[in-house]
Every structure is written in structure tokens, then in C-alpha cells.
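Visitor: Got a structure here, written out as C-alpha cells. Questions coming.
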Amino acid sequence: MCAQKIAEKPRPEVAEEPHPMESILRMERIPHIWCPGCGIGTTVTAFAAALEKLEWDLDNVCIVSGIGCTGRVAGYMRLDSFHTTHGRAIPYATGIKLGNPKLKVIVFSGDGDLIAIGGNHFIHAARRNIDLTVICVNNFIYAMTGGQMAPTTPPKGYATTSPYGSFEMPFNIPHLAESCGAVYVARWTALHIRRLTEAIMEALQKPGFSLVEVITPCANYWGRINKLGVGLDLMKFYHQNSVIKHGEDTRNLGIEFQKPIVVGKFVDRERPTYLEAYNKRLAERLGDKFKPYGGEA
Amino acid sequence: MKADPKGVLTGSHYLDGDHACAEGALAAGCRFFGGYPITPSTEVAERFAQRCPLVGAIFIQMEDELASLASVIGASWSGLKSMTVTSGPGFSLMMEHVGLAVMTETPLVLADVQRGGPSTGLPTTTGQADMMQARWGSHGDYEIIALSPNSPQETFDFTIKAFNLSEKYRVPVLLMMDECVGHMTEKVIIPAAEEIEIEPRRFYKGPQGKYLPFKPDKDMVPPMVKVGDGYRFHITGLTHDERGYPDMTVDCQEKLVRRLVDKIRKNADDIIEFEEDGVEGADVVVVAYGITSRVTLRAIKLARKEGIKVGILRLIVVWPFPEKRIRELARQVKALVMPEINYGQVVLELDRCACGQAEVVLVPHGGGWVHDPDDILYAIRQAARGKRVGEGIVEYHRKKRG
Ligand SMILES: Cc1ncc(C[n+]2csc(CCOP(=O)(O)OP(=O)(O)O)c2C)c(N)n1
Ligand code: SF4
Ligand SMILES: [Mg+2]
């Protein structure tokens, strides 16, 4: 675990009792920017707990985010961390991973970031089976920019750019991931902290492209625009209306407005990662002229 | 530091500019290439695809140019010297990440093999119309370094130079090639590894707790670390303080952007490179870059035969621009002539620096081919008369015979 000391003076109210995740969070950056009742915080807690339980050397763990409320996660983790451009966390992470295959690389970003503007990268990274763990916070909306429609907004859901309610068919993210080749796919809500933590641990240990979708309340925009109450009301709703169905056919995982949400682990399969396939093919073709690629010595 | 022999294909070769670019990169120590095919730059990617597995480097064909440059930035932070290459439309797609690389001070090389534009334009023929996009194509304010080779040999040499400058100043360096140079095949001599000078990455070596990722050294450039070294650093495209943490204040913006601009401007004398011939005592100096500088040589030869005192200043580094030298020359000559394959881009800088001290003549070309040397010759002749025909940049048009 990290033994790094915090450079800044601790704030008086936390001086006596260190935060339980001090070694994983950049405490000097707290308070964070997220609204009270936002589910991103609990998702981060689950992620931090997963890292803690795995007892990995965190010097070899790296996190990459895009842009959005969720995109700010990278900046709060006491890891080598990158806050990149909107939609491009996955190709950025691909470069890091191929640059040094020994690293464990996590992409932590929002639904708009990963599935709208970054959708092309998402499908190709899954297809190539790049060894990345993608944590996708799905709050059905573009939160950072003030509540616009996302490709995940369920029909009839309101957003500032769907003022009459959305009529587009949203993406079913687990189905998209499975179809494109992801080896591990799970979905939980931000309230299933224990199960979410376990799913993140499994995903992190799985070689290849793994995806954990986290259904997360955005009280400030999604909740307010759709008159669904405060953060706690949303949390309760998602928790009470989630139905655990492990192994469910991902075609059945579409999400309808204010209807039950199927959660669980849906895909867990084996497939050579990008670099395994690369090394195998080139060794076959080039023989002794090729040294398997493992990044710098 | 000397080059790692693994990437150096020492010997005399017959290569086009695109292949020479890839070899220059491998010789410079480039070990990651992420790219997306586009004419006329594709051969660079093809050469990398073939060579990377043999030298312990990695090549990946990404899904688009946004992904290409993103992957290159990521790989650079993993500690690998990295590059990508593109042309026209792909160069436009890369602009957001040029800004990210500038803001996060990520060393990398981006080669743009220019073709005719706008839009899809002339995919298979030459142009020099991305020069201003190279300078300020990404949003926000910054300064960048751009080099312009005029032969396959220079493409090899300048690619190494581009890597060295990018490491020294922690800035993306643009190699502004063009279709002609990219596709022309000539002799390229690749020296022995020990004859190739390489700028190593400026790694921070101090204690982990004390590391401030954006605290600059005296030359305004901060030392770097890489992922996995235990520094637990943060990198963001947001305006950030020396710790790398977002700080969206006017003060922080001023401090950061000022430094990003100044680390190039104040080190310009070290970065700028050009070559001159016959400039002393000349009435006219032609300022040219890239393939156009080679066409210019023919025009100069013909003009000198006619007794015109004409010299050439050939830009090797186009950005930053050799402002001081142009100011000096403007005081000494009657006219400065710039042929370029566009309707006036770099000539705007020439005119600004001439400050009305010399006539500034543009010889434009819309793209698709190089200039006819006679057009440049005609402009030199007219310019040599020293008759100012008006304010601002002048164009002389030779009447073409039917
Ligand atoms: C190229 C580009 N386009 C648009 C934006 C504006 N923008 C910032 S965040 C965002 C949407 C974020 O939505 P999501 O990824 O779902 O994250 P959330 O804020 O909901 O966590 C948009 C459109 C941007 N930063 N960059
Ligand atoms: S706007 Fe929504 S997603 Fe963003 S921090 Fe607030 S509650 Fe969370
Ligand atoms: Mg969202």
C-alpha cells in the first residue's frame, strides 16, 4: 500500500481521524466537486475498496478518465492518473497499456464520454480485447454540461435537449460490450456497494477488456429535470427496482424509464488479449527474429 | 546520448520520404506508433507496421486519428518515444489532442504529409496549406515547433531532430512534410548508431514525495516522470498548478500559459534553424521551405544567370519563425520573395517581420503540383527592380503562354 504522506496541512476537522481511504485518495484535493447525493462518490468508494482488497502494488496501477462529472474521478485517486479529453480515455489508456504492458490500467468515465463521443473507441478496444478495465458511470444524462440527453437516456426521459422527452432508442451498454468482444461484463447500481466492489475486483483481475456499468443517480440534473426527488430517492429507487439476474442474455438488458433494472454478472469468458494475440501471431510468422513484446525491460 | 543501434538501419538506401520518416523515428528511439491510414502518409504507417516487431517497438492501427494521437500521448507517458503521422483531414481530427499534448507537455512527434485541401481536396498530390493550422490549429493559445524537410534524406534527419526537440522542450513537434517529399525516392544515408545524437528524456530523479510535475527548470521546461515509477502524479488538460492539479484561476492560467508560450519563444534562438546562400549583398532574398525550397534553387540559378543578385533563406524550422534574421534582411534587401503552395500563410509572418523595410512578394500556388520555376523567376525579376507597387504583400503574375 502507498506510504506517501500528504503534503498539505490536514484540515482541522479531519486532523484527528485519518480518512479510511487516505492511501488511495488524494485527500489534499477533498472536498471534491460532486453534489451531495451523487452516486459517483459511492462508485469511487467501491473502486477504492476493490483496490484495497486486492492488495496490489498501486505504483503499477494507473487510471484514465475522460471529461464529465465522472471524468473527475482520476484526479481524486492517489494513482498515476490522467484526466484527458472528452471521449478519448480508452485510446489514451491503450497507449499507456501498450507502452508498458506491466501496468494495470483502468478507464473510469461517464456514459456520454464512453458511449457517445467515445463510442468508436469503446467498440474497437473491446474488439481488440485490450487489457483494460472500464468502469462506466451511467446516469442517463450529460451531467457536467447541465443535463443534456445522452445515448443512454431512456425513452420518455427528460433532459435539457430532450425537453419533450426522449424518443431515441438508447444503447444497452452490456449488450454493446458483449457483442464487440468484451470478456467480462457486469452491471450494478451505485447502491450495491459490496457487489459492485466484487465486480470491480473480478474485472480488474480479468485479462482483457472488462466492463462494469454502474447505474448511478444524478440528483442534480436527471433527478431534478425528471422530478424524481433528491439523490437519496433516486438511490432508493434504483436499489429497490434492480433485479439480480446473473448470466442474463445481454439482449434483455435495455433500460426503460423508471422501470426495473436488471443487474448482475452477464459475461465472463476467455479470449486472447490484444498483446497475447500479437505476440502469438508475430512469433509464428517471424520466428527467432521476433522477441515477444512486453514493453520496456 | 547516442542512438540505440536496434532501431538504426545503417547503410545507403533508396527510400521515399515516407519510409525515411519511419526510419528516422526508429533511429531516434521511437518505440510506439499509433496511426490511421491516409494518403499520402500511409507508407509511414506501413513501414512502421513492418519494422516495429523486428526492433522491439509496437505498432497499432487505431480506429481514427483522434484515437491515434491519444494513444501516442498515452504511450509517451509510459516512457516510450512515440509518434503518429497523418495528412489533411486526419490532421484536422488530431487538433484537439495537439492541444492536450501542449497543455500536458507531452513529448511526441506528429508528421503531416501535406496534400491539397480544403476538405478531401487533392488526396494524392502536394500542398503546403496546413502551415497555419500547424501553428495554431488547436484551440487556445500556445507556441509549437514545426520543421520542414525538402528531401527523403532530410526527412530522415529532421525526424530525429523533431524527436530531440520534443524531448528537450516537452512539446509536440510537427514534421511538416508534403506529398512530393513523402513520395519522392532518393538516396538516404543512415549513419551508424554512434553517429546519431539523441536527446534523452529529462527524467526527474528526486525523491517521490517532493515531485512537482509542472515545476519548471531554469529553461522553463519541467522534468518528467513516467507511469509506474511510484510518483503517483496527476495529468490534466485543465489549467493546472505545479502539482498538476486543476486550478481554474486567472493567476494560474496566466502563469501556466505564459510559460507554455515562453518556453518556446524565449528559447527560439536555440530552436530556430535555417540555411542561407548568397544573401550578403543580394537585392532579393527568396524565403522558402519544404519542397518549394528545392524548386526555388532552379529559379535562383536562372536569375543569377541574368545578373540578378538573389539569395535564398531556406527555413528548416518554420515555427518558431526566424523573426530577428528576417528583420535584419529586410533592412538590407529590396525585396523578400516567398513561394509557397497556398495563397499566403507563412508569408504573413514574413510581411510582419519585414516591417515595411522591404517589399514582400508572394508567389502562390493552389496545390496539386509544385511551382513552375519560371513563376518564381518572374517574381524575382520584378522584385529586383525594387519598385514598390503598393502596400502589403505583392503578387507578380507571369503571363502564361497558351
Ligand atoms: C470535444 C468536447 N465536446 C463536448 C464537451 C462538453 N462536455 C463536457 S462533459 C460532457 C458530457 C459528459 O457526460 P457523461 O460522460 O455522461 O459524464 P457525466 O458528467 O454525466 O458524469 C460534454 C458534452 C467537451 N468537453 N469536449
Ligand atoms: S451533476 Fe449529477 S452527476 Fe454531476 S456531481 Fe452532481 S449529481 Fe453527480
Ligand atoms: Mg452521464
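Chain labels follow the order of the C-alpha cells: the first chain is A, the next B, and so on; residue numbering restarts at 1 in every chain, and ligands are counted from 1 in their shown order.
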Could you write out as a list in words the residues of chain A within 7 Å of chain B, counting only C-alpha atoms?
Guide: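 Taking only C-alpha atoms into account, Gln4, Asp59, Asn60, Gly75, Arg78, Leu79, Asp80, Ser81, Phe82, His83, Thr84, Arg88, Pro91, Tyr92, Ala93, Thr94, Gly95, Ile96, Leu98, Gly99, Asn100, Leu103, His121, His124, Lys289, Phe290, Lys291 and Tyr293 of chain A sit within 7 Å of chain B.
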Visitor: For the structure I just gave you, how does DSSP split region 260-388 of chain B - specifically, which residues are helix (DSSP H, G or I)? Reply as JSON, numbers by chain.
Guide: {"B": [260, 261, 262, 263, 264, 265, 268, 269, 270, 271, 290, 291, 292, 293, 294, 295, 296, 297, 298, 299, 300, 301, 302, 303, 304, 305, 323, 324, 325, 326, 327, 328, 329, 330, 331, 332, 346, 347, 348, 349, 350, 351, 352, 353, 354, 373, 374, 375, 376, 377, 378, 379, 380, 381, 382, 383, 384]}
Visitor: With C-alpha atoms kept, could you save the residues just selected as an mmCIF file, in the first residue's frame?
Guide:
```
data_model
loop_
_atom_site.group_PDB
_atom_site.id
_atom_site.type_symbol
_atom_site.label_atom_id
_atom_site.label_comp_id
_atom_site.auth_asym_id
_atom_site.auth_seq_id
_atom_site.Cartn_x
_atom_site.Cartn_y
_atom_site.Cartn_z
ATOM 1 C CA LEU B 260 3.981 27.289 -22.287
ATOM 2 C CA VAL B 261 4.355 30.150 -24.754
ATOM 3 C CA ASP B 262 7.625 31.476 -23.341
ATOM 4 C CA LYS B 263 9.411 28.141 -23.187
ATOM 5 C CA ILE B 264 9.327 28.228 -26.991
ATOM 6 C CA ARG B 265 9.627 31.983 -27.556
ATOM 7 C CA ALA B 268 13.687 30.416 -30.001
ATOM 8 C CA ASP B 269 17.352 31.102 -30.771
ATOM 9 C CA ASP B 270 18.186 27.566 -29.750
ATOM 10 C CA ILE B 271 15.290 26.067 -31.702
ATOM 11 C CA GLY B 290 9.906 22.241 -47.902
ATOM 12 C CA ILE B 291 9.698 21.084 -51.489
ATOM 13 C CA THR B 292 9.290 24.671 -52.665
ATOM 14 C CA SER B 293 12.802 25.473 -51.479
ATOM 15 C CA ARG B 294 14.155 22.960 -53.999
ATOM 16 C CA VAL B 295 12.113 24.397 -56.846
ATOM 17 C CA THR B 296 13.396 27.823 -55.810
ATOM 18 C CA LEU B 297 17.006 26.755 -56.379
ATOM 19 C CA ARG B 298 16.290 26.406 -60.090
ATOM 20 C CA ALA B 299 14.704 29.863 -60.250
ATOM 21 C CA ILE B 300 17.674 31.345 -58.415
ATOM 22 C CA LYS B 301 20.125 29.749 -60.802
ATOM 23 C CA LEU B 302 18.290 31.233 -63.773
ATOM 24 C CA ALA B 303 18.006 34.657 -62.117
ATOM 25 C CA ARG B 304 21.709 34.738 -61.308
ATOM 26 C CA LYS B 305 22.459 33.967 -64.953
ATOM 27 C CA GLU B 323 11.952 36.877 -36.809
ATOM 28 C CA LYS B 324 15.283 38.506 -35.920
ATOM 29 C CA ARG B 325 17.024 37.380 -39.070
ATOM 30 C CA ILE B 326 14.155 38.469 -41.309
ATOM 31 C CA ARG B 327 14.184 41.915 -39.706
ATOM 32 C CA GLU B 328 17.904 42.221 -40.449
ATOM 33 C CA LEU B 329 17.499 41.083 -44.024
ATOM 34 C CA ALA B 330 14.554 43.394 -44.636
ATOM 35 C CA ARG B 331 16.831 46.340 -43.908
ATOM 36 C CA GLN B 332 19.439 45.075 -46.392
ATOM 37 C CA VAL B 346 3.930 31.804 -43.828
ATOM 38 C CA VAL B 347 4.325 34.933 -45.961
ATOM 39 C CA LEU B 348 2.107 36.703 -43.418
ATOM 40 C CA GLU B 349 4.887 36.267 -40.871
ATOM 41 C CA LEU B 350 7.456 37.346 -43.429
ATOM 42 C CA ASP B 351 5.499 40.520 -44.074
ATOM 43 C CA ARG B 352 5.048 41.201 -40.376
ATOM 44 C CA CYS B 353 8.770 40.861 -39.739
ATOM 45 C CA ALA B 354 9.746 42.914 -42.798
ATOM 46 C CA PRO B 373 10.401 27.744 -61.524
ATOM 47 C CA ASP B 374 9.664 30.373 -64.173
ATOM 48 C CA ASP B 375 6.914 31.802 -61.967
ATOM 49 C CA ILE B 376 9.383 32.246 -59.142
ATOM 50 C CA LEU B 377 11.952 33.625 -61.611
ATOM 51 C CA TYR B 378 9.438 36.164 -62.865
ATOM 52 C CA ALA B 379 8.691 37.315 -59.331
ATOM 53 C CA ILE B 380 12.428 37.617 -58.598
ATOM 54 C CA ARG B 381 12.919 39.751 -61.720
ATOM 55 C CA GLN B 382 10.053 42.065 -60.853
ATOM 56 C CA ALA B 383 11.145 42.267 -57.238
ATOM 57 C CA ALA B 384 14.740 43.098 -58.245
#
```
Visitor: Would you please work out which residue, of A:Phe209, A:Trp56, A:Tyr142, A:Phe167, is nearest to ligand 2 when using only C-alpha atoms and all ligand atoms?
Guide: A:Tyr142
Visitor: Could you go through region 86-234 of chain A and tell me which residues DSSP, when run on the backbone, assigns to strand (DSSP E or B), listing them as a ChimeraX atom specification?
Guide: /A:104-110,133-138,141-142,148-149,159,162,184-189,210-215
Visitor: Identify, counting only C-alpha atoms and all ligand atoms, the protein, DNA and RNA residues located within 10 Å of ligand 1, and give them as a PyMOL selection string.
Guide: (chain A and resi 34+38-40+65-73+84-88+108-118+136-153+216-218+221-222) or (chain B and resi 96)
Visitor: Atoms to include: N, CA and C atoms. Write the selected residues as a compact mmCIF listing (two decimals), in the first residue's frame.
Guide:
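This is the output file again_4.txt:
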```txt
# COMPACT_ATOMS: atom_id res chain seq x y z
N TRP A 34 -18.33 16.89 -6.47
CA TRP A 34 -19.62 16.25 -6.73
C TRP A 34 -20.72 16.74 -5.79
N CYS A 38 -24.83 12.42 -4.93
CA CYS A 38 -24.38 11.91 -6.23
C CYS A 38 -23.82 10.50 -6.05
N GLY A 39 -24.11 9.63 -7.02
CA GLY A 39 -23.65 8.25 -6.92
C GLY A 39 -22.21 8.04 -7.33
N ILE A 40 -21.57 9.06 -7.87
CA ILE A 40 -20.18 8.86 -8.31
C ILE A 40 -19.30 8.57 -7.09
N SER A 65 -9.34 8.99 -17.11
CA SER A 65 -10.73 9.44 -17.25
C SER A 65 -10.85 10.35 -18.46
N GLY A 66 -12.08 10.46 -18.95
CA GLY A 66 -12.37 11.45 -19.99
C GLY A 66 -12.83 12.73 -19.33
N ILE A 67 -13.88 13.32 -19.89
CA ILE A 67 -14.39 14.58 -19.36
C ILE A 67 -15.84 14.39 -18.93
N GLY A 68 -16.20 15.01 -17.83
CA GLY A 68 -17.55 14.91 -17.29
C GLY A 68 -17.46 14.91 -15.78
N CYS A 69 -18.62 14.83 -15.11
CA CYS A 69 -18.56 14.71 -13.65
C CYS A 69 -17.75 13.47 -13.29
N THR A 70 -18.04 12.35 -13.98
CA THR A 70 -17.30 11.12 -13.71
C THR A 70 -15.84 11.26 -14.14
N GLY A 71 -15.62 12.07 -15.16
CA GLY A 71 -14.27 12.27 -15.65
C GLY A 71 -13.34 12.84 -14.59
N ARG A 72 -13.92 13.41 -13.54
CA ARG A 72 -13.08 13.97 -12.48
C ARG A 72 -12.52 12.91 -11.53
N VAL A 73 -12.97 11.67 -11.68
CA VAL A 73 -12.54 10.63 -10.74
C VAL A 73 -11.02 10.50 -10.73
N THR A 84 -8.21 13.34 -19.39
CA THR A 84 -7.79 13.54 -20.78
C THR A 84 -8.76 14.44 -21.55
N THR A 85 -9.27 13.96 -22.68
CA THR A 85 -10.24 14.75 -23.45
C THR A 85 -11.56 13.99 -23.48
N HIS A 86 -12.61 14.67 -23.91
CA HIS A 86 -13.94 14.07 -23.88
C HIS A 86 -14.01 12.90 -24.86
N GLY A 87 -14.22 11.71 -24.33
CA GLY A 87 -14.41 10.54 -25.18
C GLY A 87 -13.17 9.73 -25.47
N ARG A 88 -12.00 10.25 -25.13
CA ARG A 88 -10.79 9.60 -25.63
C ARG A 88 -9.99 8.87 -24.55
N PHE A 108 -12.11 5.14 -16.17
CA PHE A 108 -13.25 5.45 -15.29
C PHE A 108 -13.91 6.68 -15.88
N SER A 109 -15.11 6.51 -16.47
CA SER A 109 -15.71 7.67 -17.11
C SER A 109 -17.22 7.55 -17.22
N GLY A 110 -17.83 8.57 -17.81
CA GLY A 110 -19.29 8.63 -17.86
C GLY A 110 -19.87 7.96 -19.10
N ASP A 111 -21.19 7.81 -19.10
CA ASP A 111 -21.88 7.17 -20.22
C ASP A 111 -21.76 7.98 -21.51
N GLY A 112 -21.88 9.28 -21.40
CA GLY A 112 -21.75 10.11 -22.60
C GLY A 112 -20.34 10.02 -23.15
N ASP A 113 -19.39 10.13 -22.24
CA ASP A 113 -17.98 10.11 -22.61
C ASP A 113 -17.60 8.80 -23.31
N LEU A 114 -18.02 7.70 -22.72
CA LEU A 114 -17.58 6.39 -23.23
C LEU A 114 -18.41 5.88 -24.39
N ILE A 115 -19.71 6.23 -24.37
CA ILE A 115 -20.61 5.56 -25.33
C ILE A 115 -21.06 6.50 -26.45
N ALA A 116 -21.08 7.81 -26.20
CA ALA A 116 -21.44 8.74 -27.29
C ALA A 116 -20.18 9.14 -28.05
N ILE A 117 -19.53 10.17 -27.57
CA ILE A 117 -18.35 10.70 -28.29
C ILE A 117 -17.23 9.66 -28.35
N GLY A 118 -17.17 8.80 -27.33
CA GLY A 118 -16.10 7.79 -27.30
C GLY A 118 -16.55 6.42 -27.78
N CYS A 136 -17.95 2.30 -16.20
CA CYS A 136 -18.79 3.29 -16.87
C CYS A 136 -19.92 3.71 -15.94
N VAL A 137 -19.87 4.96 -15.52
CA VAL A 137 -20.92 5.50 -14.67
C VAL A 137 -22.07 5.97 -15.57
N ASN A 138 -23.17 5.24 -15.50
CA ASN A 138 -24.33 5.58 -16.33
C ASN A 138 -25.39 6.28 -15.50
N ASN A 139 -25.50 7.60 -15.71
CA ASN A 139 -26.52 8.37 -15.00
C ASN A 139 -27.59 8.85 -15.98
N PHE A 140 -27.62 8.25 -17.17
CA PHE A 140 -28.63 8.51 -18.20
C PHE A 140 -28.59 9.91 -18.77
N ILE A 141 -27.49 10.65 -18.48
CA ILE A 141 -27.51 12.08 -18.85
C ILE A 141 -26.10 12.63 -18.96
N TYR A 142 -25.97 13.74 -19.63
CA TYR A 142 -24.72 14.51 -19.62
C TYR A 142 -24.82 15.43 -18.42
N ALA A 143 -24.18 15.06 -17.35
CA ALA A 143 -24.36 15.83 -16.13
C ALA A 143 -23.48 17.08 -16.11
N MET A 144 -22.22 16.91 -16.41
CA MET A 144 -21.27 18.01 -16.28
C MET A 144 -21.72 19.26 -17.04
N THR A 145 -22.34 19.06 -18.18
CA THR A 145 -22.72 20.21 -19.00
C THR A 145 -24.13 20.70 -18.72
N GLY A 146 -24.77 20.13 -17.70
CA GLY A 146 -26.05 20.69 -17.28
C GLY A 146 -27.27 19.90 -17.66
N GLY A 147 -27.12 18.60 -17.93
CA GLY A 147 -28.30 17.75 -18.07
C GLY A 147 -28.84 17.57 -19.46
N GLN A 148 -27.94 17.37 -20.43
CA GLN A 148 -28.43 17.12 -21.79
C GLN A 148 -28.66 15.62 -22.01
N MET A 149 -29.39 15.33 -23.08
CA MET A 149 -29.70 13.95 -23.45
C MET A 149 -28.41 13.19 -23.76
N ALA A 150 -28.39 11.92 -23.37
CA ALA A 150 -27.24 11.05 -23.65
C ALA A 150 -27.72 9.89 -24.51
N PRO A 151 -26.81 9.11 -25.07
CA PRO A 151 -27.26 7.93 -25.83
C PRO A 151 -27.77 6.83 -24.92
N THR A 152 -27.83 7.13 -23.61
CA THR A 152 -28.34 6.18 -22.63
C THR A 152 -29.67 6.66 -22.05
N THR A 153 -30.09 7.86 -22.41
CA THR A 153 -31.33 8.39 -21.87
C THR A 153 -32.49 7.50 -22.31
N THR A 216 -26.10 5.02 -11.77
CA THR A 216 -25.73 5.99 -10.75
C THR A 216 -26.69 7.17 -10.75
N PRO A 217 -27.21 7.53 -9.61
CA PRO A 217 -28.11 8.69 -9.60
C PRO A 217 -27.39 10.00 -9.80
N CYS A 218 -27.96 10.81 -10.67
CA CYS A 218 -27.54 12.21 -10.77
C CYS A 218 -28.74 13.00 -10.29
N TYR A 221 -29.30 16.82 -11.95
CA TYR A 221 -29.92 17.03 -13.27
C TYR A 221 -30.98 15.98 -13.59
N TRP A 222 -30.55 14.71 -13.65
CA TRP A 222 -31.50 13.67 -14.03
C TRP A 222 -32.70 13.67 -13.09
N GLU B 96 -7.46 18.51 -31.51
CA GLU B 96 -7.78 18.59 -30.09
C GLU B 96 -6.65 18.00 -29.25
```
Visitor: Would you compute the distance between CA of Val98 (chain B) and CA of Pro320 (chain B)? Give it in Å to one decimal.
Guide: 16.2 Å
Visitor: Can you tell me, as a list in words, what residues are no more than 12 Å from Lys227 (chain A) when counting only C-alpha atoms, ignoring any on the same chain fewer than 3 positions away?
Guide: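 Close residues of Lys227 (chain A): Gly157, Tyr158, Ala159, Cys218, Ala219, Asn220, Tyr221, Trp222, Gly223, Arg224, Val230, Gly231, Asp233, Leu234 and Gln258 of chain A.
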Visitor: Filtering to N, CA, C and O atoms, could you give me those residues as a PDB file, in the first residue's frame?
Guide:
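Result written to part.pdb:
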```pdb
ATOM      1  N   GLY A 157     -37.558   9.932 -21.096  1.00  0.00           N
ATOM      2  CA  GLY A 157     -36.753  10.646 -20.105  1.00  0.00           C
ATOM      3  C   GLY A 157     -36.516  12.068 -20.574  1.00  0.00           C
ATOM      4  O   GLY A 157     -36.261  12.307 -21.752  1.00  0.00           O
ATOM      5  N   TYR A 158     -36.624  13.011 -19.645  1.00  0.00           N
ATOM      6  CA  TYR A 158     -36.414  14.413 -19.991  1.00  0.00           C
ATOM      7  C   TYR A 158     -34.966  14.827 -19.766  1.00  0.00           C
ATOM      8  O   TYR A 158     -34.293  14.332 -18.858  1.00  0.00           O
ATOM      9  N   ALA A 159     -34.533  15.716 -20.609  1.00  0.00           N
ATOM     10  CA  ALA A 159     -33.214  16.332 -20.443  1.00  0.00           C
ATOM     11  C   ALA A 159     -33.323  17.705 -21.081  1.00  0.00           C
ATOM     12  O   ALA A 159     -34.317  17.998 -21.754  1.00  0.00           O
ATOM     13  N   CYS A 218     -27.956  10.810 -10.672  1.00  0.00           N
ATOM     14  CA  CYS A 218     -27.543  12.206 -10.774  1.00  0.00           C
ATOM     15  C   CYS A 218     -28.738  12.998 -10.293  1.00  0.00           C
ATOM     16  O   CYS A 218     -29.703  13.202 -11.036  1.00  0.00           O
ATOM     17  N   ALA A 219     -28.691  13.386  -9.015  1.00  0.00           N
ATOM     18  CA  ALA A 219     -29.835  14.072  -8.427  1.00  0.00           C
ATOM     19  C   ALA A 219     -29.984  15.455  -9.031  1.00  0.00           C
ATOM     20  O   ALA A 219     -31.075  15.935  -9.303  1.00  0.00           O
ATOM     21  N   ASN A 220     -28.850  16.070  -9.257  1.00  0.00           N
ATOM     22  CA  ASN A 220     -28.858  17.469  -9.640  1.00  0.00           C
ATOM     23  C   ASN A 220     -29.544  17.697 -10.986  1.00  0.00           C
ATOM     24  O   ASN A 220     -30.279  18.661 -11.151  1.00  0.00           O
ATOM     25  N   TYR A 221     -29.297  16.820 -11.951  1.00  0.00           N
ATOM     26  CA  TYR A 221     -29.919  17.026 -13.268  1.00  0.00           C
ATOM     27  C   TYR A 221     -30.976  15.978 -13.594  1.00  0.00           C
ATOM     28  O   TYR A 221     -32.134  16.296 -13.794  1.00  0.00           O
ATOM     29  N   TRP A 222     -30.553  14.714 -13.647  1.00  0.00           N
ATOM     30  CA  TRP A 222     -31.501  13.672 -14.035  1.00  0.00           C
ATOM     31  C   TRP A 222     -32.699  13.666 -13.085  1.00  0.00           C
ATOM     32  O   TRP A 222     -33.859  13.651 -13.503  1.00  0.00           O
ATOM     33  N   GLY A 223     -32.393  13.698 -11.802  1.00  0.00           N
ATOM     34  CA  GLY A 223     -33.454  13.663 -10.794  1.00  0.00           C
ATOM     35  C   GLY A 223     -34.337  14.890 -10.855  1.00  0.00           C
ATOM     36  O   GLY A 223     -35.566  14.803 -10.836  1.00  0.00           O
ATOM     37  N   ARG A 224     -33.704  16.044 -10.946  1.00  0.00           N
ATOM     38  CA  ARG A 224     -34.455  17.293 -10.895  1.00  0.00           C
ATOM     39  C   ARG A 224     -35.297  17.478 -12.162  1.00  0.00           C
ATOM     40  O   ARG A 224     -36.498  17.741 -12.089  1.00  0.00           O
ATOM     41  N   VAL A 230     -34.806  13.791  -4.582  1.00  0.00           N
ATOM     42  CA  VAL A 230     -33.402  14.076  -4.290  1.00  0.00           C
ATOM     43  C   VAL A 230     -32.570  12.810  -4.481  1.00  0.00           C
ATOM     44  O   VAL A 230     -33.105  11.738  -4.777  1.00  0.00           O
ATOM     45  N   GLY A 231     -31.269  12.943  -4.270  1.00  0.00           N
ATOM     46  CA  GLY A 231     -30.340  11.833  -4.516  1.00  0.00           C
ATOM     47  C   GLY A 231     -30.741  10.552  -3.822  1.00  0.00           C
ATOM     48  O   GLY A 231     -30.728   9.460  -4.401  1.00  0.00           O
ATOM     49  N   ASP A 233     -33.666   9.589  -2.884  1.00  0.00           N
ATOM     50  CA  ASP A 233     -34.848   8.975  -3.509  1.00  0.00           C
ATOM     51  C   ASP A 233     -34.445   8.161  -4.729  1.00  0.00           C
ATOM     52  O   ASP A 233     -34.939   7.056  -4.953  1.00  0.00           O
ATOM     53  N   LEU A 234     -33.519   8.721  -5.505  1.00  0.00           N
ATOM     54  CA  LEU A 234     -33.075   8.021  -6.709  1.00  0.00           C
ATOM     55  C   LEU A 234     -32.357   6.733  -6.327  1.00  0.00           C
ATOM     56  O   LEU A 234     -32.584   5.672  -6.903  1.00  0.00           O
ATOM     57  N   GLN A 258     -37.796   4.559 -15.525  1.00  0.00           N
ATOM     58  CA  GLN A 258     -38.392   4.246 -14.225  1.00  0.00           C
ATOM     59  C   GLN A 258     -38.977   2.827 -14.155  1.00  0.00           C
ATOM     60  O   GLN A 258     -39.965   2.598 -13.464  1.00  0.00           O
TER      61      GLN A 258
END
```
